[in-house]
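Colleague: The file below is input_23.csv, CSV, C-alpha atoms:
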chain,number,residue,atom,x,y,z
A,1,MET,CA,109.2,42.4,5.4
A,2,ALA,CA,105.5,42.1,6.0
A,3,ALA,CA,105.5,38.5,5.0
A,4,LEU,CA,107.8,37.5,7.9
A,5,SER,CA,105.6,39.2,10.6
A,6,SER,CA,104.3,36.1,12.3
A,7,LEU,CA,107.8,34.6,12.4
A,8,ASP,CA,109.2,37.9,13.8
A,9,GLU,CA,106.4,38.0,16.3
A,10,LEU,CA,107.2,34.5,17.5
A,11,ILE,CA,110.9,35.3,17.8
A,12,GLY,CA,110.0,38.5,19.7
A,13,ALA,CA,107.6,36.6,22.0
A,14,LEU,CA,110.2,33.9,22.8
A,15,ARG,CA,112.4,36.7,24.3
A,16,CYS,CA,110.1,37.0,27.2
A,17,LEU,CA,111.7,33.8,28.5
A,18,PRO,CA,114.4,34.5,31.0
A,19,GLY,CA,117.9,34.2,29.6
A,20,VAL,CA,116.8,34.1,26.0
A,21,GLY,CA,118.4,36.8,23.8
A,22,PRO,CA,117.8,37.5,20.1
A,23,LYS,CA,120.0,34.7,18.8
A,24,SER,CA,118.5,32.1,21.0
A,25,ALA,CA,115.0,33.2,20.3
A,26,GLN,CA,115.7,32.9,16.6
A,27,ARG,CA,117.2,29.4,17.0
A,28,MET,CA,114.2,28.3,19.1
A,29,ALA,CA,111.7,29.6,16.6
A,30,TYR,CA,113.4,27.8,13.7
A,31,HIS,CA,113.7,24.7,15.7
A,32,LEU,CA,110.0,24.6,16.7
A,33,LEU,CA,108.8,25.4,13.2
A,34,GLN,CA,111.1,23.0,11.4
A,35,HIS,CA,111.5,20.1,13.9
A,36,ASP,CA,108.9,20.2,16.5
A,37,GLN,CA,105.6,21.7,15.5
A,38,ARG,CA,103.8,19.3,17.9
A,39,GLY,CA,106.0,20.7,20.7
A,40,ALA,CA,105.1,24.2,19.7
A,41,GLN,CA,101.4,23.4,19.7
A,42,ARG,CA,101.8,21.8,23.1
A,43,LEU,CA,103.7,24.8,24.5
A,44,SER,CA,101.1,27.2,23.2
A,45,LEU,CA,98.3,25.3,24.9
A,46,ALA,CA,100.2,24.7,28.1
A,47,LEU,CA,100.9,28.4,28.5
A,48,ASP,CA,97.2,29.2,27.9
A,49,VAL,CA,96.0,26.6,30.3
A,50,ALA,CA,98.5,27.5,33.0
A,51,LEU,CA,97.6,31.2,32.8
A,52,LYS,CA,93.9,30.3,33.2
A,53,THR,CA,94.2,27.8,36.0
A,54,LEU,CA,97.1,28.6,38.2
A,55,ARG,CA,96.8,30.9,41.2
A,56,ARG,CA,98.6,31.4,44.5
A,57,CYS,CA,97.9,29.1,47.4
A,58,GLU,CA,96.4,31.1,50.2
A,59,ARG,CA,98.6,29.4,52.8
A,60,CYS,CA,102.0,28.8,51.2
A,61,ASN,CA,101.9,31.4,48.4
A,62,SER,CA,103.1,28.9,45.8
A,63,PHE,CA,101.3,28.1,42.6
A,64,THR,CA,98.3,25.9,42.7
A,65,GLU,CA,95.0,25.3,40.9
A,66,ALA,CA,93.0,25.3,44.1
A,67,GLU,CA,92.5,27.8,46.8
A,68,VAL,CA,94.8,25.9,49.1
A,69,CYS,CA,97.4,23.5,47.6
A,70,GLU,CA,97.4,19.8,48.4
A,71,ARG,CA,100.6,20.1,50.4
A,72,CYS,CA,99.2,22.6,52.8
A,73,LEU,CA,96.1,20.5,53.2
A,74,SER,CA,98.0,17.3,53.8
A,75,SER,CA,97.4,15.7,57.2
A,76,LYS,CA,100.8,14.0,56.9
A,77,ARG,CA,102.8,17.1,57.3
A,78,ASP,CA,103.8,18.7,60.6
A,79,PRO,CA,102.1,22.1,61.0
A,80,ALA,CA,104.5,23.1,63.8
A,81,GLN,CA,107.3,23.7,61.3
A,82,LEU,CA,107.2,26.4,58.6
A,83,CYS,CA,110.0,26.5,56.1
A,84,VAL,CA,110.5,29.8,54.3
A,85,VAL,CA,112.0,29.6,50.8
A,86,GLU,CA,112.5,32.1,48.0
A,87,MET,CA,111.0,30.3,45.1
A,88,PRO,CA,108.9,27.2,44.2
A,89,ALA,CA,112.1,25.7,42.7
A,90,ASP,CA,113.7,25.9,46.2
A,91,LEU,CA,110.7,24.2,47.7
A,92,ASN,CA,111.1,21.4,45.2
A,93,THR,CA,114.8,21.0,46.1
A,94,MET,CA,113.8,20.8,49.8
A,95,GLU,CA,111.2,18.1,49.0
A,96,GLN,CA,113.8,16.1,47.1
A,97,THR,CA,115.8,15.8,50.3
A,98,HIS,CA,113.0,13.8,51.9
A,99,ALA,CA,114.4,15.3,55.1
A,100,TYR,CA,111.6,17.7,55.9
A,101,ARG,CA,108.0,17.0,56.7
A,102,GLY,CA,106.8,20.4,57.8
A,103,LEU,CA,105.0,23.0,55.8
A,104,TYR,CA,106.3,25.8,53.5
A,105,TYR,CA,105.9,29.5,52.8
A,106,VAL,CA,107.2,30.7,49.4
A,107,LEU,CA,108.3,34.3,49.3
A,108,MET,CA,108.3,34.5,45.5
A,109,GLY,CA,111.5,36.5,45.6
A,110,ARG,CA,114.0,38.0,48.0
A,111,LEU,CA,114.7,41.4,49.3
A,112,SER,CA,116.5,43.4,46.6
A,113,PRO,CA,116.4,47.1,47.3
A,114,LEU,CA,118.2,47.9,44.0
A,115,ASP,CA,115.4,46.2,42.1
A,116,GLY,CA,112.8,47.9,44.2
A,117,VAL,CA,111.8,44.7,46.1
A,118,GLY,CA,111.2,45.4,49.7
A,119,PRO,CA,109.2,43.8,52.5
A,120,ARG,CA,106.0,45.3,51.1
A,121,GLU,CA,106.6,43.8,47.6
A,122,LEU,CA,107.2,40.4,49.1
A,123,ALA,CA,104.1,40.8,51.4
A,124,PHE,CA,105.9,39.9,54.6
A,125,ASP,CA,102.7,40.7,56.5
A,126,ARG,CA,101.2,37.6,54.8
A,127,LEU,CA,104.0,35.5,56.1
A,128,LEU,CA,103.7,37.0,59.5
A,129,ALA,CA,100.0,36.2,59.6
A,130,ARG,CA,100.8,32.7,58.3
A,131,ALA,CA,103.4,32.1,61.0
A,132,SER,CA,101.0,33.4,63.7
A,133,ASP,CA,98.3,30.8,63.1
A,134,GLY,CA,98.9,29.3,66.6
A,135,LEU,CA,100.2,26.0,65.2
A,136,VAL,CA,103.6,27.0,63.9
A,137,ARG,CA,106.3,26.5,66.6
A,138,GLU,CA,109.4,27.2,64.5
A,139,VAL,CA,110.1,29.1,61.3
A,140,ILE,CA,113.0,27.7,59.4
A,141,LEU,CA,114.6,30.3,57.1
A,142,ALA,CA,115.8,28.5,54.0
A,143,THR,CA,116.4,31.5,51.7
A,144,ASN,CA,119.5,31.2,49.5
A,145,LEU,CA,123.0,31.7,51.0
A,146,THR,CA,123.6,34.7,48.8
A,147,HIS,CA,123.9,38.3,49.9
A,148,GLU,CA,120.2,38.9,49.1
A,149,GLY,CA,119.1,35.7,50.6
A,150,GLU,CA,121.0,36.3,53.8
A,151,ALA,CA,119.7,39.9,54.1
A,152,THR,CA,116.1,38.5,53.6
A,153,ALA,CA,116.7,35.9,56.3
A,154,HIS,CA,118.1,38.5,58.6
A,155,TYR,CA,115.2,40.9,58.1
A,156,LEU,CA,112.7,38.1,58.6
A,157,SER,CA,114.4,36.8,61.7
A,158,GLU,CA,114.1,40.2,63.3
A,159,MET,CA,110.5,40.6,62.4
A,160,LEU,CA,109.6,37.1,63.6
A,161,HIS,CA,111.6,37.4,66.8
A,162,ALA,CA,109.7,40.6,67.6
A,163,ARG,CA,106.5,38.5,67.6
A,164,GLY,CA,108.1,35.9,69.9
A,165,ILE,CA,108.3,33.3,67.1
A,166,LYS,CA,111.1,30.8,67.2
A,167,VAL,CA,113.3,31.2,64.1
A,168,SER,CA,116.1,29.0,62.7
A,169,ARG,CA,118.4,29.3,59.7
A,170,ILE,CA,119.7,26.4,57.5
A,171,ALA,CA,123.3,25.7,58.2
A,172,ARG,CA,126.2,27.3,56.3
A,173,GLY,CA,129.3,25.3,55.8
A,174,LEU,CA,131.1,23.2,53.2
A,175,PRO,CA,129.0,20.9,51.0
A,176,LEU,CA,129.1,17.2,51.5
A,177,GLY,CA,131.9,15.6,49.6
A,178,SER,CA,133.8,18.9,49.2
A,179,GLU,CA,137.6,19.1,49.6
A,180,LEU,CA,139.1,22.0,51.5
A,181,GLU,CA,141.8,22.4,48.8
A,182,TYR,CA,139.2,23.2,46.2
A,183,SER,CA,136.8,25.2,48.4
A,184,ASP,CA,136.7,29.0,48.3
A,185,ALA,CA,138.2,30.7,51.3
A,186,ALA,CA,135.0,32.4,52.4
A,187,SER,CA,133.2,29.1,52.7
A,188,VAL,CA,136.0,27.5,54.6
A,189,ALA,CA,136.2,30.5,56.9
A,190,GLN,CA,132.4,30.3,57.5
A,191,ALA,CA,132.6,26.6,58.1
A,192,LEU,CA,135.3,27.2,60.7
A,193,LEU,CA,133.4,30.0,62.4
A,194,GLU,CA,130.2,28.0,62.6
A,195,ARG,CA,131.9,24.8,63.7
A,196,ARG,CA,129.9,22.5,66.0
A,197,ASP,CA,131.0,20.5,69.0
A,198,TYR,CA,131.8,16.9,68.1
B,1,MET,CA,100.4,16.0,42.9
B,2,ALA,CA,97.3,16.3,40.7
B,3,ALA,CA,96.9,19.9,41.7
B,4,LEU,CA,100.1,20.9,40.0
B,5,SER,CA,99.4,19.3,36.7
B,6,SER,CA,99.0,22.4,34.5
B,7,LEU,CA,102.2,23.7,36.0
B,8,ASP,CA,104.0,20.5,35.3
B,9,GLU,CA,102.6,20.4,31.8
B,10,LEU,CA,103.9,23.9,31.2
B,11,ILE,CA,107.4,22.9,32.5
B,12,GLY,CA,107.3,19.8,30.3
B,13,ALA,CA,106.2,21.8,27.3
B,14,LEU,CA,109.0,24.3,27.7
B,15,ARG,CA,111.5,21.5,27.4
B,16,CYS,CA,110.7,21.2,23.7
B,17,LEU,CA,112.8,24.4,23.3
B,18,PRO,CA,116.3,23.6,22.2
B,19,GLY,CA,118.9,23.9,25.0
B,20,VAL,CA,116.3,24.0,27.7
B,21,GLY,CA,116.7,21.3,30.4
B,22,PRO,CA,114.5,20.6,33.4
B,23,LYS,CA,116.0,23.3,35.6
B,24,SER,CA,115.7,26.0,32.9
B,25,ALA,CA,112.2,25.0,32.0
B,26,GLN,CA,111.2,25.3,35.7
B,27,ARG,CA,112.8,28.7,36.0
B,28,MET,CA,111.1,29.9,32.8
B,29,ALA,CA,107.7,28.7,33.9
B,30,TYR,CA,107.9,30.4,37.3
B,31,HIS,CA,109.2,33.6,35.7
B,32,LEU,CA,106.3,33.7,33.2
B,33,LEU,CA,103.7,33.0,35.8
B,34,GLN,CA,105.1,35.4,38.4
B,35,HIS,CA,106.5,38.2,36.4
B,36,ASP,CA,105.3,38.1,32.8
B,37,GLN,CA,101.9,36.7,32.3
B,38,ARG,CA,101.4,39.1,29.3
B,39,GLY,CA,104.5,37.7,27.8
B,40,ALA,CA,103.3,34.2,28.3
B,41,GLN,CA,100.0,35.1,26.7
B,42,ARG,CA,101.8,36.7,23.8
B,43,LEU,CA,104.0,33.6,23.3
B,44,SER,CA,101.1,31.3,23.4
B,45,LEU,CA,99.4,33.3,20.7
B,46,ALA,CA,102.5,33.8,18.6
B,47,LEU,CA,103.2,30.1,18.5
B,48,ASP,CA,99.6,29.4,17.5
B,49,VAL,CA,99.6,32.0,14.7
B,50,ALA,CA,103.1,31.0,13.5
B,51,LEU,CA,102.1,27.3,13.2
B,52,LYS,CA,98.9,28.3,11.3
B,53,THR,CA,100.4,30.8,8.9
B,54,LEU,CA,104.1,29.9,8.2
B,55,ARG,CA,105.0,27.6,5.3
B,56,ARG,CA,108.1,27.0,3.1
B,57,CYS,CA,108.8,29.4,0.3
B,58,GLU,CA,108.6,27.4,-3.0
B,59,ARG,CA,111.7,29.0,-4.3
B,60,CYS,CA,114.1,29.5,-1.4
B,61,ASN,CA,112.7,26.9,1.0
B,62,SER,CA,112.8,29.4,3.9
B,63,PHE,CA,109.8,30.3,6.1
B,64,THR,CA,107.1,32.6,4.6
B,65,GLU,CA,103.4,33.2,4.8
B,66,ALA,CA,103.0,33.3,1.1
B,67,GLU,CA,103.6,30.7,-1.6
B,68,VAL,CA,106.8,32.5,-2.6
B,69,CYS,CA,108.5,34.9,-0.2
B,70,GLU,CA,109.0,38.6,-0.8
B,71,ARG,CA,112.7,38.3,-1.2
B,72,CYS,CA,112.4,35.7,-4.0
B,73,LEU,CA,109.8,37.9,-5.7
B,74,SER,CA,111.9,41.1,-5.4
B,75,SER,CA,112.9,42.7,-8.7
B,76,LYS,CA,115.8,44.4,-7.0
B,77,ARG,CA,117.7,41.2,-6.5
B,78,ASP,CA,120.1,39.5,-9.0
B,79,PRO,CA,118.5,36.2,-10.2
B,80,ALA,CA,121.9,35.1,-11.6
B,81,GLN,CA,123.4,34.5,-8.2
B,82,LEU,CA,122.0,31.8,-5.8
B,83,CYS,CA,123.5,31.6,-2.3
B,84,VAL,CA,123.0,28.3,-0.5
B,85,VAL,CA,122.9,28.5,3.3
B,86,GLU,CA,122.1,25.9,5.9
B,87,MET,CA,119.5,27.8,8.0
B,88,PRO,CA,117.4,30.9,7.9
B,89,ALA,CA,119.6,32.4,10.6
B,90,ASP,CA,122.5,32.1,8.2
B,91,LEU,CA,120.5,33.9,5.6
B,92,ASN,CA,119.9,36.7,8.0
B,93,THR,CA,123.6,37.0,8.8
B,94,MET,CA,124.4,37.2,5.0
B,95,GLU,CA,121.8,39.9,4.6
B,96,GLN,CA,123.3,41.9,7.5
B,97,THR,CA,126.5,42.2,5.5
B,98,HIS,CA,124.7,44.2,2.8
B,99,ALA,CA,127.3,42.7,0.5
B,100,TYR,CA,125.1,40.3,-1.4
B,101,ARG,CA,122.1,41.1,-3.6
B,102,GLY,CA,121.4,37.8,-5.3
B,103,LEU,CA,118.9,35.2,-4.2
B,104,TYR,CA,119.1,32.4,-1.6
B,105,TYR,CA,118.3,28.7,-1.1
B,106,VAL,CA,118.0,27.5,2.4
B,107,LEU,CA,118.8,23.8,3.0
B,108,MET,CA,117.2,23.7,6.4
B,109,GLY,CA,120.1,21.6,7.6
B,110,ARG,CA,123.4,20.1,6.6
B,111,LEU,CA,124.5,16.6,5.7
B,112,SER,CA,124.9,14.6,8.8
B,113,PRO,CA,125.0,10.8,8.2
B,114,LEU,CA,125.2,10.0,11.9
B,115,ASP,CA,121.8,11.8,12.4
B,116,GLY,CA,120.4,10.2,9.4
B,117,VAL,CA,120.4,13.4,7.3
B,118,GLY,CA,121.4,12.7,3.7
B,119,PRO,CA,120.8,14.3,0.3
B,120,ARG,CA,117.2,12.9,0.3
B,121,GLU,CA,116.3,14.4,3.7
B,122,LEU,CA,117.6,17.8,2.6
B,123,ALA,CA,115.8,17.5,-0.8
B,124,PHE,CA,118.9,18.3,-2.8
B,125,ASP,CA,116.8,17.6,-5.9
B,126,ARG,CA,114.7,20.7,-5.1
B,127,LEU,CA,117.9,22.8,-5.0
B,128,LEU,CA,119.0,21.3,-8.3
B,129,ALA,CA,115.7,22.2,-9.9
B,130,ARG,CA,116.0,25.7,-8.4
B,131,ALA,CA,119.5,26.2,-9.7
B,132,SER,CA,118.5,24.9,-13.2
B,133,ASP,CA,115.9,27.6,-13.8
B,134,GLY,CA,117.9,29.1,-16.6
B,135,LEU,CA,118.6,32.4,-14.8
B,136,VAL,CA,121.1,31.2,-12.2
B,137,ARG,CA,124.7,31.6,-13.4
B,138,GLU,CA,126.5,30.9,-10.2
B,139,VAL,CA,125.7,29.0,-7.0
B,140,ILE,CA,127.6,30.3,-4.0
B,141,LEU,CA,128.0,27.7,-1.3
B,142,ALA,CA,127.8,29.5,2.1
B,143,THR,CA,127.3,26.5,4.3
B,144,ASN,CA,129.1,26.7,7.6
B,145,LEU,CA,132.9,26.1,7.8
B,146,THR,CA,132.4,23.1,10.0
B,147,HIS,CA,133.0,19.5,9.1
B,148,GLU,CA,129.4,18.9,8.2
B,149,GLY,CA,129.1,22.2,6.4
B,150,GLU,CA,132.2,21.5,4.4
B,151,ALA,CA,131.0,18.0,3.5
B,152,THR,CA,127.7,19.4,2.5
B,153,ALA,CA,129.4,22.0,0.3
B,154,HIS,CA,131.6,19.4,-1.3
B,155,TYR,CA,128.7,17.1,-2.1
B,156,LEU,CA,126.7,20.0,-3.5
B,157,SER,CA,129.6,21.2,-5.6
B,158,GLU,CA,130.0,17.7,-7.2
B,159,MET,CA,126.3,17.5,-7.9
B,160,LEU,CA,126.1,21.0,-9.4
B,161,HIS,CA,129.3,20.7,-11.4
B,162,ALA,CA,127.9,17.5,-13.0
B,163,ARG,CA,125.0,19.6,-14.3
B,164,GLY,CA,127.4,22.2,-15.7
B,165,ILE,CA,126.5,24.8,-13.1
B,166,LYS,CA,129.2,27.2,-11.9
B,167,VAL,CA,129.8,26.8,-8.2
B,168,SER,CA,131.8,28.9,-5.7
B,169,ARG,CA,132.5,28.6,-2.0
B,170,ILE,CA,132.8,31.5,0.5
B,171,ALA,CA,136.5,32.1,1.5
B,172,ARG,CA,138.1,30.3,4.3
B,173,GLY,CA,140.8,32.2,6.2
B,174,LEU,CA,141.4,34.3,9.3
B,175,PRO,CA,138.6,36.6,10.4
B,176,LEU,CA,139.1,40.3,10.1
B,177,GLY,CA,140.9,41.8,13.1
B,178,SER,CA,142.3,38.5,14.2
B,179,GLU,CA,145.9,38.1,15.3
B,180,LEU,CA,148.0,35.2,14.2
B,181,GLU,CA,149.3,34.7,17.7
B,182,TYR,CA,145.8,34.0,19.0
B,183,SER,CA,144.5,32.1,16.0
B,184,ASP,CA,144.3,28.3,16.0
B,185,ALA,CA,146.9,26.5,13.9
B,186,ALA,CA,144.4,24.9,11.5
B,187,SER,CA,142.9,28.3,10.5
B,188,VAL,CA,146.3,29.8,10.0
B,189,ALA,CA,147.3,26.8,7.9
B,190,GLN,CA,144.2,27.1,5.8
B,191,ALA,CA,144.7,30.8,5.4
B,192,LEU,CA,148.2,30.1,4.1
B,193,LEU,CA,147.1,27.3,1.8
B,194,GLU,CA,144.4,29.5,0.3
B,195,ARG,CA,146.5,32.7,0.0
B,196,ARG,CA,145.7,35.0,-2.8
B,197,ASP,CA,147.9,37.0,-5.1
B,198,TYR,CA,148.5,40.5,-3.9
Hey, can you dump this file as structure tokens for me?
Modeller:
Amino acid sequence: MAALSSLDELIGALRCLPGVGPKSAQRMAYHLLQHDQRGAQRLSLALDVALKTLRRCERCNSFTEAEVCERCLSSKRDPAQLCVVEMPADLNTMEQTHAYRGLYYVLMGRLSPLDGVGPRELAFDRLLARASDGLVREVILATNLTHEGEATAHYLSEMLHARGIKVSRIARGLPLGSELEYSDAASVAQALLERRDY
Amino acid sequence: MAALSSLDELIGALRCLPGVGPKSAQRMAYHLLQHDQRGAQRLSLALDVALKTLRRCERCNSFTEAEVCERCLSSKRDPAQLCVVEMPADLNTMEQTHAYRGLYYVLMGRLSPLDGVGPRELAFDRLLARASDGLVREVILATNLTHEGEATAHYLSEMLHARGIKVSRIARGLPLGSELEYSDAASVAQALLERRDY
């Protein structure tokens, strides 16, 4: 029906959100129109402003409104450590630990040959240039502990080692508070294999 | 960080979507900015246009761009039957059956005293006026078969009966293709209770 077009267009547009299928999109559209028109207006504007103002930080590759983000410019952070993460969300998680005061590089993805994502797509040469700035002493690979994250870490470690850069990987093992009985065998095996002297 | 404000605002704005928490909102924002800027632009515009053009149909109470929606104006539909549903999504489901050619009334909710939704909030008087147009012969209550949907149907049936309007309720029973062994006891009991002559 022609009369429903702007509703249909809204439902269709909501499907560009990850994990949102036709049913969810419909539910979201009705919710916004019926219960939260102010929220919808705010979202429309926020999308528009974000698209216009956000760019990639020239140093860490994450989103920022400036050429170089505040974190990279901060004098309180240790420029000798460079932590490589897959996504900005991972960077946020790292920050929440309050256990790291070095700098970051955000890959904006992970190697995924089946999806056509290789070293070129992730611009590994930019990371290499970043890690070769003369200040970085150690690159800490904090990609996810998934197959793709591990493969990405492996590839990066070879590439960085070849340039004589010191590389480390975040530890694999059992999470704090976990019980062996309820842990999967692969994690327990890994924790055993990578045991540390005590 | 001040430099992240338009990103933070976008993440915050995405949380107005139903079922979207902080983690999902963050993932959605990064996805749009990194992989689907055109989708984000489209969504921004679609929200804006929808807010400006959509209103409630004066007859069926659903969303439309005109005073009265095309479905309500259609001469191909039977004005003697009025099907009452909770939400526009329910109307769409009914239409997909191709088993109904009457008209609709969309409550835009269901009675929910705990949420402060009573007959006044759902504007039951508008439905009553709609059902009293002289053409409607039967009101078919197709609210959900949940506690709230059943309570809404019960309340509406009393109200409509009092005005001498014929009311029916969609059948409760076991869904097509279901097996007794795997059906819940309450549904089987209901199907037994509401058995029909054969």
Colleague: Compute the set of chain B residues within 9 Å of chain A, using only C-alpha atoms, and express it as an MDAnalysis selection string.
Modeller: chainID B and resid 1:7 9:19 23:24 26:34 36:37 39:51 53:54 63:66 69:71 87:89 108
Colleague: Between atom CA of A:Val139 and atom CA of A:Ala80, what is the distance, to one decimal in Å?
Modeller: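 Interatomic distance here is 8.6 Å.
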Colleague: Rank nothing, just name the residue among B:Leu176, B:Leu127, B:Val106, B:Ala142 nearest to B:Ala191, using all atoms listed in the file.
Modeller: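 Of B:Leu176, B:Leu127, B:Val106, B:Ala142, the one nearest B:Ala191 is B:Leu176, counting all atoms listed in the file.
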Colleague: Up to 8 Å from (109.4, 27.4, 66.7) in the file's coordinates: name the residues, counting all atoms listed in the file, as a ChimeraX atom specification.
Modeller: /A:80-81,136-139,165-168
